[in-house]
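K.L.:
One file is attached below, my_file-v7.cif, containing mmCIF, C-alpha atoms.
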data_query
#
loop_
_atom_site.label_atom_id
_atom_site.label_comp_id
_atom_site.auth_asym_id
_atom_site.auth_seq_id
_atom_site.Cartn_x
_atom_site.Cartn_y
_atom_site.Cartn_z
CA MET A 1 3.17 -10.53 21.17
CA PRO A 2 5.70 -8.29 19.39
CA ALA A 3 4.57 -5.41 17.21
CA LEU A 4 4.70 -5.97 13.47
CA ASP A 5 7.96 -4.69 12.00
CA VAL A 6 6.51 -2.84 9.02
CA ASP A 7 9.92 -1.88 7.66
CA PHE A 8 10.86 -5.56 7.48
CA VAL A 9 7.49 -6.38 5.93
CA ARG A 10 7.89 -3.77 3.19
CA SER A 11 11.41 -4.98 2.45
CA GLN A 12 9.80 -8.25 1.33
CA PHE A 13 7.74 -6.56 -1.41
CA PRO A 14 9.40 -5.41 -4.65
CA ALA A 15 6.61 -2.86 -5.20
CA PHE A 16 7.99 -0.67 -2.43
CA ALA A 17 11.29 -0.35 -4.30
CA GLU A 18 9.62 0.29 -7.67
CA PRO A 19 10.31 3.86 -8.90
CA THR A 20 6.97 4.21 -10.70
CA LEU A 21 5.11 3.46 -7.44
CA GLU A 22 7.24 5.67 -5.22
CA GLY A 23 5.17 8.12 -3.20
CA TRP A 24 1.88 6.36 -3.86
CA ALA A 25 -0.27 5.00 -1.02
CA PHE A 26 -2.08 1.82 -2.06
CA PHE A 27 -5.65 1.54 -0.71
CA GLU A 28 -7.21 -0.85 -3.22
CA ASN A 29 -5.79 -4.06 -1.80
CA ALA A 30 -9.22 -5.72 -1.75
CA GLY A 31 -8.91 -5.81 -5.53
CA GLY A 32 -5.52 -7.51 -5.35
CA SER A 33 -2.41 -7.17 -3.21
CA TYR A 34 1.19 -6.57 -4.14
CA PRO A 35 3.06 -9.90 -4.51
CA CYS A 36 5.82 -10.70 -2.07
CA ARG A 37 9.42 -11.14 -3.18
CA GLN A 38 9.38 -14.90 -2.58
CA VAL A 39 6.48 -15.41 -4.99
CA VAL A 40 8.02 -13.19 -7.67
CA GLU A 41 11.32 -15.06 -7.44
CA ARG A 42 9.70 -18.50 -7.59
CA LEU A 43 7.56 -17.50 -10.55
CA ALA A 44 10.54 -16.09 -12.44
CA ARG A 45 12.59 -19.20 -11.70
CA PHE A 46 9.85 -21.49 -12.95
CA TYR A 47 9.51 -19.60 -16.23
CA ARG A 48 13.26 -19.48 -16.61
CA ALA A 49 14.25 -23.01 -15.64
CA ARG A 50 11.16 -25.25 -15.21
CA LYS A 51 8.81 -24.27 -18.05
CA VAL A 52 8.26 -27.78 -19.34
CA GLN A 53 5.48 -30.28 -18.76
CA PRO A 54 5.90 -31.32 -15.11
CA TYR A 55 6.25 -34.85 -13.69
CA ALA A 56 8.19 -36.26 -16.65
CA PRO A 57 11.41 -38.25 -15.99
CA TYR A 58 13.99 -35.54 -16.67
CA PRO A 59 15.46 -32.97 -14.28
CA ALA A 60 13.67 -29.75 -15.31
CA SER A 61 10.32 -31.53 -15.34
CA GLU A 62 10.94 -33.29 -12.03
CA ALA A 63 11.93 -30.00 -10.41
CA GLY A 64 8.79 -28.29 -11.73
CA GLY A 65 6.52 -31.04 -10.42
CA ALA A 66 8.29 -31.05 -7.07
CA GLU A 67 7.73 -27.30 -6.70
CA MET A 68 4.02 -27.69 -7.48
CA ASP A 69 3.77 -30.47 -4.89
CA GLU A 70 5.65 -28.32 -2.40
CA ALA A 71 3.15 -25.49 -2.81
CA ARG A 72 0.18 -27.77 -2.13
CA ALA A 73 1.82 -29.46 0.86
CA ARG A 74 3.00 -26.26 2.53
CA LEU A 75 -0.27 -24.40 2.04
CA ALA A 76 -2.20 -27.38 3.39
CA ALA A 77 0.01 -27.47 6.49
CA MET A 78 -0.50 -23.74 7.06
CA LEU A 79 -4.27 -24.02 6.62
CA GLY A 80 -4.63 -27.05 8.90
CA VAL A 81 -5.94 -29.46 6.26
CA ALA A 82 -4.61 -32.59 4.54
CA THR A 83 -2.37 -32.11 1.52
CA ASP A 84 -4.82 -33.61 -0.97
CA GLU A 85 -7.59 -31.35 0.36
CA VAL A 86 -6.01 -28.33 -1.41
CA SER A 87 -6.99 -27.66 -5.03
CA PHE A 88 -5.78 -24.94 -7.40
CA GLY A 89 -7.78 -23.28 -10.16
CA PRO A 90 -7.68 -20.18 -12.35
CA SER A 91 -9.68 -18.09 -9.86
CA THR A 92 -11.97 -18.42 -6.88
CA SER A 93 -14.94 -17.61 -9.08
CA ALA A 94 -13.98 -20.47 -11.43
CA ASN A 95 -13.46 -22.84 -8.50
CA THR A 96 -16.86 -21.89 -7.10
CA TYR A 97 -18.53 -22.41 -10.47
CA VAL A 98 -17.03 -25.88 -10.88
CA LEU A 99 -18.00 -26.83 -7.33
CA ALA A 100 -21.55 -25.61 -7.95
CA GLN A 101 -21.83 -27.95 -10.95
CA ALA A 102 -20.91 -30.84 -8.68
CA VAL A 103 -23.50 -29.74 -6.12
CA ARG A 104 -26.10 -29.43 -8.89
CA GLU A 105 -25.57 -33.09 -9.81
CA TRP A 106 -25.50 -34.15 -6.15
CA LEU A 107 -28.67 -32.38 -5.03
CA GLY A 108 -30.41 -33.02 -8.32
CA ALA A 109 -30.16 -36.70 -7.49
CA GLU A 110 -30.64 -36.60 -3.71
CA GLY A 111 -32.70 -33.44 -3.14
CA GLY A 112 -32.19 -30.72 -0.56
CA ALA A 113 -31.72 -26.97 -0.33
CA VAL A 114 -28.80 -24.55 -0.47
CA VAL A 115 -28.45 -21.40 1.64
CA VAL A 116 -26.78 -18.30 0.20
CA THR A 117 -26.44 -14.76 1.56
CA ASN A 118 -26.92 -11.33 0.06
CA GLN A 119 -23.71 -10.15 1.74
CA ASP A 120 -21.58 -11.83 -0.93
CA HIS A 121 -19.52 -10.69 -3.90
CA GLU A 122 -21.59 -11.67 -6.96
CA ALA A 123 -18.86 -13.72 -8.61
CA ASN A 124 -18.96 -16.09 -5.65
CA THR A 125 -22.71 -16.24 -5.00
CA GLY A 126 -24.09 -16.20 -8.54
CA ALA A 127 -23.04 -19.79 -9.23
CA TRP A 128 -25.02 -21.01 -6.22
CA ARG A 129 -28.07 -18.93 -7.07
CA ARG A 130 -28.20 -20.37 -10.59
CA LEU A 131 -28.86 -23.80 -9.07
CA ALA A 132 -32.48 -22.69 -8.79
CA ALA A 133 -32.77 -23.06 -12.58
CA ALA A 134 -32.01 -26.76 -12.11
CA GLY A 135 -34.91 -27.12 -9.67
CA ILE A 136 -32.79 -26.94 -6.50
CA GLU A 137 -34.24 -24.84 -3.69
CA VAL A 138 -32.08 -21.80 -2.91
CA ARG A 139 -32.75 -19.99 0.37
CA GLU A 140 -31.41 -16.51 1.09
CA TRP A 141 -29.92 -15.53 4.43
CA CYS A 142 -30.42 -11.76 4.39
CA ILE A 143 -28.35 -9.00 5.96
CA ASP A 144 -29.71 -6.30 8.22
CA PRO A 145 -30.56 -3.42 5.84
CA GLN A 146 -29.06 -0.83 8.18
CA THR A 147 -25.84 -2.49 9.30
CA GLY A 148 -25.11 -5.23 6.75
CA HIS A 149 -24.86 -7.76 9.61
CA LEU A 150 -25.70 -11.45 9.12
CA ASP A 151 -27.60 -12.70 12.18
CA PRO A 152 -27.00 -16.41 12.97
CA ALA A 153 -30.53 -16.55 14.44
CA ASP A 154 -31.88 -15.96 10.92
CA LEU A 155 -29.77 -18.83 9.64
CA ALA A 156 -31.16 -21.09 12.37
CA ARG A 157 -34.67 -20.52 11.01
CA LEU A 158 -33.53 -21.42 7.49
CA LEU A 159 -31.99 -24.65 8.79
CA ALA A 160 -34.90 -25.66 11.00
CA ASP A 161 -36.66 -28.12 8.68
CA GLY A 162 -33.53 -30.19 8.05
CA ARG A 163 -33.65 -29.88 4.24
CA VAL A 164 -30.56 -27.71 3.81
CA ARG A 165 -27.51 -29.58 2.54
CA LEU A 166 -25.09 -26.70 1.96
CA VAL A 167 -24.62 -23.26 3.56
CA CYS A 168 -22.58 -20.80 1.47
CA PHE A 169 -21.44 -17.58 3.13
CA PRO A 170 -18.50 -15.15 3.23
CA HIS A 171 -15.86 -14.96 5.94
CA CYS A 172 -16.29 -11.23 5.40
CA SER A 173 -17.85 -9.09 2.69
CA ASN A 174 -15.82 -7.00 0.26
CA VAL A 175 -17.90 -3.91 1.12
CA VAL A 176 -19.45 -4.55 4.56
CA GLY A 177 -16.15 -5.69 6.03
CA GLU A 178 -17.62 -7.36 9.13
CA VAL A 179 -15.82 -10.58 10.11
CA ASN A 180 -18.47 -13.27 10.39
CA PRO A 181 -18.29 -15.96 13.14
CA VAL A 182 -17.22 -18.73 10.79
CA ALA A 183 -16.67 -21.48 13.35
CA GLU A 184 -20.11 -20.85 14.89
CA ILE A 185 -21.84 -20.85 11.50
CA CYS A 186 -20.05 -24.02 10.34
CA ALA A 187 -21.04 -25.76 13.59
CA MET A 188 -24.67 -24.70 13.11
CA ALA A 189 -24.66 -26.07 9.57
CA ARG A 190 -23.08 -29.35 10.66
CA ALA A 191 -25.60 -29.81 13.47
CA ALA A 192 -28.39 -29.38 10.92
CA GLY A 193 -26.88 -31.99 8.59
CA ALA A 194 -25.47 -29.45 6.13
CA ALA A 195 -21.99 -28.83 4.76
CA SER A 196 -20.43 -25.34 4.82
CA CYS A 197 -18.75 -23.42 2.00
CA VAL A 198 -16.89 -20.28 3.06
CA ASP A 199 -15.81 -17.55 0.66
CA GLY A 200 -12.59 -16.35 2.27
CA VAL A 201 -11.45 -14.05 -0.54
CA SER A 202 -11.91 -10.86 1.48
CA TYR A 203 -10.56 -12.26 4.75
CA ALA A 204 -7.51 -14.38 3.89
CA PRO A 205 -5.35 -11.33 2.94
CA HIS A 206 -5.52 -10.34 6.60
CA GLY A 207 -4.05 -13.60 7.85
CA PHE A 208 -4.25 -17.17 6.59
CA PRO A 209 -7.01 -18.94 8.53
CA ASP A 210 -6.79 -22.29 10.29
CA VAL A 211 -9.46 -23.93 8.16
CA GLY A 212 -9.26 -27.11 10.20
CA ALA A 213 -10.08 -25.24 13.40
CA LEU A 214 -12.87 -23.25 11.73
CA GLY A 215 -14.58 -26.47 10.67
CA ALA A 216 -15.35 -25.33 7.12
CA ASP A 217 -16.04 -28.14 4.68
CA VAL A 218 -14.99 -25.87 1.81
CA TYR A 219 -12.87 -22.72 2.09
CA LEU A 220 -12.00 -20.64 -0.96
CA PHE A 221 -9.64 -17.70 -1.42
CA SER A 222 -7.56 -15.98 -4.10
CA ALA A 223 -3.77 -16.11 -4.06
CA TYR A 224 -3.48 -12.79 -5.90
CA LYS A 225 -5.01 -11.15 -2.84
CA THR A 226 -2.76 -13.02 -0.42
CA TYR A 227 0.54 -11.74 -1.88
CA GLY A 228 0.75 -14.45 -4.53
CA PRO A 229 0.02 -15.12 -8.23
CA HIS A 230 -3.39 -15.11 -9.92
CA GLN A 231 -4.69 -18.46 -8.70
CA GLY A 232 -7.80 -19.59 -6.88
CA ILE A 233 -7.19 -21.90 -3.94
CA MET A 234 -9.86 -24.21 -2.54
CA THR A 235 -9.75 -26.54 0.43
CA ILE A 236 -12.39 -29.25 0.48
CA ARG A 237 -12.71 -31.92 3.13
CA ARG A 238 -12.13 -35.39 1.80
CA ASP A 239 -15.49 -36.87 2.86
CA LEU A 240 -17.44 -34.15 1.04
CA GLY A 241 -15.07 -33.99 -1.93
CA MET A 242 -15.25 -37.71 -2.62
CA ARG A 243 -19.05 -37.71 -2.20
CA LEU A 244 -19.61 -34.97 -4.79
CA PRO A 245 -19.52 -35.96 -8.48
CA ALA A 246 -16.09 -35.39 -10.02
CA GLN A 247 -15.81 -32.54 -12.55
CA GLY A 248 -12.38 -33.36 -13.98
CA HIS A 249 -11.13 -36.09 -16.29
CA PHE A 250 -12.68 -39.44 -15.42
CA PHE A 251 -9.28 -41.07 -14.89
CA ASN A 252 -8.41 -38.45 -12.25
CA ALA A 253 -11.55 -39.01 -10.20
CA GLY A 254 -9.67 -40.98 -7.56
CA THR A 255 -7.42 -38.01 -6.70
CA LEU A 256 -9.19 -35.47 -4.50
CA TYR A 257 -7.25 -32.40 -5.63
CA LYS A 258 -7.97 -33.22 -9.29
CA ARG A 259 -11.70 -33.93 -8.96
CA PHE A 260 -12.71 -30.27 -9.31
CA THR A 261 -10.09 -29.17 -11.84
CA PRO A 262 -11.62 -29.63 -15.32
CA ALA A 263 -8.50 -28.25 -17.01
CA GLY A 264 -4.87 -28.47 -16.01
CA PRO A 265 -3.79 -25.73 -13.60
CA ASP A 266 -1.23 -23.04 -14.40
CA HIS A 267 1.94 -24.93 -13.43
CA ALA A 268 4.11 -21.88 -12.85
CA GLN A 269 1.58 -20.08 -10.70
CA VAL A 270 0.84 -23.17 -8.63
CA ALA A 271 4.57 -23.57 -7.95
CA ALA A 272 4.90 -19.87 -7.11
CA CYS A 273 2.23 -20.21 -4.41
CA ALA A 274 4.89 -21.84 -2.22
CA GLY A 275 6.33 -18.34 -1.99
CA MET A 276 3.38 -17.33 0.17
CA ALA A 277 4.44 -19.97 2.68
CA ASP A 278 8.05 -18.73 2.39
CA TYR A 279 6.81 -15.24 3.25
CA VAL A 280 4.84 -16.37 6.30
CA ASP A 281 7.88 -18.30 7.50
CA ALA A 282 10.12 -15.25 6.98
CA LEU A 283 7.76 -13.07 9.05
CA HIS A 284 7.61 -15.67 11.78
CA ALA A 285 11.39 -16.12 11.92
CA HIS A 286 11.91 -12.35 12.07
CA HIS A 287 9.37 -11.71 14.84
CA PHE A 288 9.84 -14.92 16.84
CA PRO A 289 13.54 -15.77 16.46
CA GLY A 290 14.42 -19.25 17.58
CA ALA A 291 10.78 -20.31 18.05
CA ASP A 292 10.08 -23.85 16.89
CA ALA A 293 6.48 -24.14 15.72
CA ALA A 294 4.47 -26.22 13.30
CA PRO A 295 3.33 -24.55 10.06
CA ALA A 296 -0.23 -23.93 11.28
CA ALA A 297 1.09 -22.39 14.50
CA ARG A 298 3.49 -20.16 12.55
CA ALA A 299 0.66 -19.04 10.31
CA ALA A 300 -1.55 -18.35 13.34
CA ALA A 301 1.11 -16.22 15.00
CA VAL A 302 1.67 -14.23 11.79
CA HIS A 303 -2.11 -13.88 11.37
CA ASP A 304 -2.31 -12.28 14.83
CA LEU A 305 0.58 -9.91 14.04
CA MET A 306 -1.13 -8.80 10.85
CA ARG A 307 -4.53 -8.32 12.45
CA ALA A 308 -3.19 -6.36 15.42
CA HIS A 309 -1.39 -3.97 13.08
CA GLU A 310 -4.44 -3.60 10.84
CA VAL A 311 -6.78 -2.93 13.77
CA ALA A 312 -4.45 -0.24 15.05
CA LEU A 313 -4.47 1.46 11.63
CA THR A 314 -8.20 1.07 11.04
CA ALA A 315 -9.24 2.72 14.31
CA PRO A 316 -8.17 6.31 13.45
CA LEU A 317 -9.70 6.06 9.99
CA LEU A 318 -13.03 4.91 11.43
CA SER A 319 -12.86 7.65 14.06
CA TYR A 320 -12.34 10.30 11.38
CA LEU A 321 -15.14 8.95 9.19
CA GLY A 322 -17.52 8.59 12.12
CA ALA A 323 -17.19 12.29 12.88
CA ARG A 324 -18.41 13.31 9.42
CA ASN A 325 -22.09 13.81 8.63
CA ASP A 326 -21.75 13.87 4.84
CA LEU A 327 -21.20 10.16 4.27
CA ARG A 328 -22.42 6.74 5.32
CA LEU A 329 -19.88 4.27 6.64
CA ILE A 330 -20.84 0.75 5.61
CA GLY A 331 -20.35 -1.98 8.22
CA PRO A 332 -19.04 -2.01 11.79
CA ARG A 333 -17.62 1.11 13.40
CA ARG A 334 -15.25 -0.87 15.62
CA ALA A 335 -11.94 -1.83 14.06
CA GLU A 336 -11.77 -5.09 16.02
CA GLY A 337 -14.89 -6.47 14.36
CA ARG A 338 -14.00 -5.87 10.75
CA ALA A 339 -11.39 -6.23 8.06
CA PRO A 340 -9.67 -3.00 6.95
CA THR A 341 -11.91 -2.79 3.89
CA VAL A 342 -13.87 0.43 4.36
CA ALA A 343 -16.69 1.42 2.01
CA LEU A 344 -18.45 4.79 2.04
CA ALA A 345 -21.74 5.84 0.48
CA LEU A 346 -21.36 9.50 -0.49
CA ASP A 347 -23.65 12.29 -1.66
CA ARG A 348 -22.11 12.04 -5.13
CA PRO A 349 -20.76 9.33 -7.46
CA ALA A 350 -17.79 7.58 -5.87
CA GLU A 351 -15.60 6.95 -8.92
CA PRO A 352 -14.80 10.65 -9.55
CA VAL A 353 -13.89 10.97 -5.86
CA ALA A 354 -11.45 8.08 -6.25
CA ARG A 355 -10.01 9.91 -9.24
CA GLU A 356 -9.57 13.04 -7.11
CA LEU A 357 -7.78 11.00 -4.45
CA ALA A 358 -5.38 9.78 -7.13
CA ALA A 359 -4.35 13.41 -7.61
CA HIS A 360 -3.06 13.17 -4.02
CA LYS A 361 -1.23 9.92 -4.86
CA VAL A 362 -3.79 7.81 -3.00
CA MET A 363 -4.97 4.68 -4.83
CA ALA A 364 -8.59 3.84 -3.97
CA GLY A 365 -11.61 2.64 -5.91
CA GLY A 366 -15.18 3.67 -6.63
CA GLY A 367 -18.10 1.60 -7.91
CA ASP A 368 -20.12 -1.43 -6.83
CA PHE A 369 -17.22 -3.93 -6.72
CA TYR A 370 -19.58 -6.75 -7.80
CA ALA A 371 -21.35 -6.26 -4.46
CA VAL A 372 -24.63 -5.30 -6.12
CA ARG A 373 -26.78 -7.42 -3.81
CA PRO A 374 -25.46 -6.15 -0.47
CA LEU A 375 -25.39 -2.55 -1.65
CA THR A 376 -28.96 -2.85 -2.92
CA ALA A 377 -30.08 -4.40 0.37
CA LEU A 378 -28.41 -1.52 2.22
CA GLY A 379 -30.25 1.02 0.09
CA VAL A 380 -27.12 2.38 -1.58
CA ASP A 381 -27.63 4.16 -4.90
CA LEU A 382 -25.84 1.90 -7.40
CA GLY A 383 -25.46 4.82 -9.77
CA ARG A 384 -23.18 6.44 -7.21
CA GLY A 385 -21.66 3.26 -5.83
CA VAL A 386 -19.31 3.43 -2.89
CA LEU A 387 -15.81 4.72 -2.30
CA ARG A 388 -13.73 1.78 -1.10
CA MET A 389 -10.43 2.05 0.75
CA SER A 390 -8.78 -1.23 1.61
CA PHE A 391 -5.42 -1.95 3.13
CA VAL A 392 -3.37 -4.77 4.60
CA HIS A 393 -0.50 -5.31 6.99
CA TYR A 394 2.14 -3.63 4.82
CA THR A 395 0.28 -0.32 5.06
CA THR A 396 1.86 2.27 7.38
CA ARG A 397 0.34 4.76 9.80
CA ALA A 398 1.82 7.55 7.67
CA GLU A 399 -0.14 6.26 4.67
CA VAL A 400 -3.36 6.17 6.67
CA ASP A 401 -2.71 9.74 7.82
CA ARG A 402 -2.17 10.72 4.19
CA LEU A 403 -5.45 9.03 3.24
CA ILE A 404 -7.32 10.94 5.94
CA ALA A 405 -5.76 14.23 4.82
CA ALA A 406 -6.64 13.51 1.20
CA LEU A 407 -10.21 12.63 2.14
CA ASP A 408 -10.47 15.84 4.11
CA ARG A 409 -9.41 17.90 1.11
CA THR A 410 -11.49 15.92 -1.39
CA LEU A 411 -14.75 15.56 0.54
#
Could you take the file, read its structure, and then write that structure out as structure tokens?

P.N.:
Amino acid sequence: MPALDVDFVRSQFPAFAEPTLEGWAFFENAGGSYPCRQVVERLARFYRARKVQPYAPYPASEAGGAEMDEARARLAAMLGVATDEVSFGPSTSANTYVLAQAVREWLGAEGGAVVVTNQDHEANTGAWRRLAAAGIEVREWCIDPQTGHLDPADLARLLADGRVRLVCFPHCSNVVGEVNPVAEICAMARAAGAASCVDGVSYAPHGFPDVGALGADVYLFSAYKTYGPHQGIMTIRRDLGMRLPAQGHFFNAGTLYKRFTPAGPDHAQVAACAGMADYVDALHAHHFPGADAAPAARAAAVHDLMRAHEVALTAPLLSYLGARNDLRLIGPRRAEGRAPTVALALDRPAEPVARELAAHKVMAGGGDFYAVRPLTALGVDLGRGVLRMSFVHYTTRAEVDRLIAALDRTL
């Protein structure tokens, strides 16, 4: 496998040519990535030339509808699912909320339990937990209070009586960072008669997953963290999606990708999501010239390029942090087992430390990042929060070295 050409990668992002960002190292990517050039151009074109109601019988409208359809079809092909199994919404949190209302109706009528974890971002677990108010049993799969790890053996015990109908868990946490064994967990759920719902918000920026191969019944992620516009993207398998009560307009209930969209999606941003597929294709063509591969295979190859680069950059940061005795590193200490989202519990409030890092032109964050439950379970003082440094494949080794130097001066 070739090494990732970071210079080529950065040439695809307008932010790296923006004068106001020059000299800054961006380490808050878990809060939202820079958009790639292809997305920016598609979004601008839509607002300039397609900003009419789509799917009407005149050229601008037909072009707008075609671009929205293109985005759905190309993302579905990359993710290894059918085209109508991809839905767009205003955010992943909104998509999760709408889906939870469908599950509330479903389990309210049929009975059964839902499993959630305390490793999750609150915006994507709160909707499931509120099902308890409707009389639905909610079971918690708890992390190890020292490491933040989710043990599949604990899930097996929660599934043992056969009452669980849905298992909701993250691909990885936005503070713990450990990559969970999604395919194994989905298989466990299926064997117990349960569906699986995976929050992929914190993983998808590090390489689009093959949802079909993972076996997830639902997979959710946020386009604004995968180099795109502010949209939530949800894949839902047809058999589950058509079994759940529709949450959209009654006359759209026969169309899978409209069943869980109560309001019309943002046309321009949906269309711009095709730019994410353009970007993956551009990376693949650059690194594997002449290779003829299906969309899912191209996405898989680019995923591996991204992850290899990220692992190589994460290792020296973890090594530096592991040698310090004045902080607590949250999550795995091996770069191979985690996303490059690194949270630290310090002996002081984290937000002022992030502010000090900004004086060194390093962009990082401090706080709880809506991860109140995992941080509480880990015994972290919420008043101090954690310092979070998160990066992606467009980050360079020089930027990581600058981060380490800035941490050394600040801590």

K.L.:
Quick one: which residues end up in the PyMOL selection byres ((chain A and resi 101) around 12) for this structure, as an MDAnalysis selection string?

P.N.:
chainID A and resid 94:100 102:108 127:131 134 136 244:248 259:262

K.L.:
Any chance you could resolve the PyMOL selection byres ((chain A and resi 268) around 10) against this file and give the residues as a list in words?

P.N.:
Arg42, Leu43, Ala44, Arg45, Phe46, Tyr47, Arg50, Lys51, Val52, Pro54, Gly64, Gly65, Glu67, Met68, Pro229, Pro265, Asp266, His267, Gln269, Val270, Ala271, Ala272 and Cys273 of chain A

K.L.:
Skip A:Val372 itself and residues of its chain fewer than 6 positions away, then list as a list in words all residues within 9 Å of it, counting only C-alpha atoms.

P.N.:
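Close residues of A:Val372: Asn118, Asp120, His121, Glu122 and Leu382 of chain A.
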
K.L.:
Using only C-alpha atoms for the distances, tell me which of A:Val302, A:Ala274, A:Leu158, A:Ala113 is nearest to A:His286.

P.N.:
A:Val302

K.L.:
Using the chain letters and numbers from the file, which residues does the PyMOL selection byres ((chain A and resi 85) around 6) grab, as a compact mmCIF listing (two decimals) with C-alpha atoms, in the frame of the given file?

P.N.:
# COMPACT_ATOMS: atom_id res chain seq x y z
CA ALA A 82 -4.61 -32.59 4.54
CA THR A 83 -2.37 -32.11 1.52
CA ASP A 84 -4.82 -33.61 -0.97
CA VAL A 86 -6.01 -28.33 -1.41
CA THR A 235 -9.75 -26.54 0.43
CA ILE A 236 -12.39 -29.25 0.48
CA ARG A 237 -12.71 -31.92 3.13

K.L.:
For A:Val81, which residue out of A:Ala296, A:Met188, A:Leu256, A:Leu411 is the nearest one, using all atoms listed in the file?

P.N.:
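Selected residue with least distance to A:Val81: A:Ala296.
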
K.L.:
Would you mind listing what lies within 10 Å of A:His149 as a VMD selection string, with all atoms listed in the file counted and same-chain residues fewer than 2 positions away left out?

P.N.:
chain A and resid 119 142 to 147 151 to 152 173 176 to 180 331 to 332

K.L.:
Counting only C-alpha atoms, figure out which residue out of A:Tyr34, A:Tyr394, A:Tyr203, A:Tyr58 gets nearest to A:Thr341.

P.N.:
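Of all the options, A:Tyr203 lies closest to A:Thr341.
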
K.L.:
Work out how far atom CA of A:Ile330 is from atom CA of A:Trp141, in Å to one decimal.

P.N.:
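Taking atom CA of A:Trp141 as the start and atom CA of A:Ile330 as the end point, the length is 18.7 Å.
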
K.L.:
If we count all atoms listed in the file, what is near A:Ala204 at a cut-off of 10 Å, once residues fewer than 5 positions away on the same chain are taken out, given as a ChimeraX atom specification?

P.N.:
/A:171-172,199,209,220-223,225-226,303,339

K.L.:
Dump C-alpha atoms for the selected residues as a PDB file, in the frame of the given file?

P.N.:
ATOM      1  CA  HIS A 171     -15.860 -14.960   5.940  1.00  0.00           C
ATOM      2  CA  CYS A 172     -16.290 -11.230   5.400  1.00  0.00           C
ATOM      3  CA  ASP A 199     -15.810 -17.550   0.660  1.00  0.00           C
ATOM      4  CA  PRO A 209      -7.010 -18.940   8.530  1.00  0.00           C
ATOM      5  CA  LEU A 220     -12.000 -20.640  -0.960  1.00  0.00           C
ATOM      6  CA  PHE A 221      -9.640 -17.700  -1.420  1.00  0.00           C
ATOM      7  CA  SER A 222      -7.560 -15.980  -4.100  1.00  0.00           C
ATOM      8  CA  ALA A 223      -3.770 -16.110  -4.060  1.00  0.00           C
ATOM      9  CA  LYS A 225      -5.010 -11.150  -2.840  1.00  0.00           C
ATOM     10  CA  THR A 226      -2.760 -13.020  -0.420  1.00  0.00           C
ATOM     11  CA  HIS A 303      -2.110 -13.880  11.370  1.00  0.00           C
ATOM     12  CA  ALA A 339     -11.390  -6.230   8.060  1.00  0.00           C
TER      13      ALA A 339
END

K.L.:
When you count all atoms listed in the file, which of these residues is closest to A:Ala15: A:Pro35, A:Pro59, A:Gly254, A:Pro2?

P.N.:
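So, comparing all the options, the nearest one is A:Pro35.
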
K.L.:
Calculated over only C-alpha atoms, which of the candidates A:Cys197, A:Val116, A:Ile185, A:Ala345 has the smallest distance to A:Arg373?

P.N.:
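Once distances to A:Arg373 are computed over only C-alpha atoms, the minimum belongs to A:Val116.
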
K.L.:
Considering all atoms listed in the file, state which residue in the set A:Leu357, A:Arg298, A:Phe27, A:Glu336 is at the smallest distance from A:Glu399.

P.N.:
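The closest residue to A:Glu399 is A:Phe27.
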
K.L.:
Build an axis-aligned box that encloses every atom of stretch 383-391 of chain A listed in the file, pad it by 4 Å on each side, and report its centre and edge lengths in Å to one decimal, as lines of an AutoDock Vina configuration file.

P.N.:
center_x = -15.4
center_y = 2.2
center_z = -3.3
size_x = 28.0
size_y = 16.4
size_z = 20.9

K.L.:
I'd like the interatomic distance between atom CA of A:Asp292 and atom CA of A:Ala277, to a tenth of an Å.

P.N.:
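Between atom CA of A:Asp292 and atom CA of A:Ala277 the gap is 15.8 Å.
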
K.L.:
Please write as a list in words the list of polymer residues whose atoms come within 8 Å of (-22.7, 10.9, 6.1), counting all atoms listed in the file and keeping to the coordinates of the file.

P.N.:
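Residues with an atom at most 8 Å from (-22.7, 10.9, 6.1): Arg324, Asn325, Asp326, Leu327, Arg328, Leu329, Ala345, Leu346 and Asp347 of chain A.
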
K.L.:
Please produce a file of those selected residues containing C-alpha atoms, as a PDB file, in the frame of the given file.

P.N.:
ATOM      1  CA  ARG A 324     -18.410  13.310   9.420  1.00  0.00           C
ATOM      2  CA  ASN A 325     -22.090  13.810   8.630  1.00  0.00           C
ATOM      3  CA  ASP A 326     -21.750  13.870   4.840  1.00  0.00           C
ATOM      4  CA  LEU A 327     -21.200  10.160   4.270  1.00  0.00           C
ATOM      5  CA  ARG A 328     -22.420   6.740   5.320  1.00  0.00           C
ATOM      6  CA  LEU A 329     -19.880   4.270   6.640  1.00  0.00           C
ATOM      7  CA  ALA A 345     -21.740   5.840   0.480  1.00  0.00           C
ATOM      8  CA  LEU A 346     -21.360   9.500  -0.490  1.00  0.00           C
ATOM      9  CA  ASP A 347     -23.650  12.290  -1.660  1.00  0.00           C
TER      10      ASP A 347
END

K.L.:
Give me the residues near A:Leu378 as a PDB file with C-alpha atoms, in the coordinates of the input, where near means some atom within 7 Å (using all atoms listed in the file) and where sequence neighbours in that chain fewer than 2 positions away do not count.

P.N.:
ATOM      1  CA  PRO A 145     -30.560  -3.420   5.840  1.00  0.00           C
ATOM      2  CA  GLN A 146     -29.060  -0.830   8.180  1.00  0.00           C
ATOM      3  CA  GLY A 148     -25.110  -5.230   6.750  1.00  0.00           C
ATOM      4  CA  PRO A 374     -25.460  -6.150  -0.470  1.00  0.00           C
ATOM      5  CA  LEU A 375     -25.390  -2.550  -1.650  1.00  0.00           C
ATOM      6  CA  THR A 376     -28.960  -2.850  -2.920  1.00  0.00           C
ATOM      7  CA  VAL A 380     -27.120   2.380  -1.580  1.00  0.00           C
TER       8      VAL A 380
END
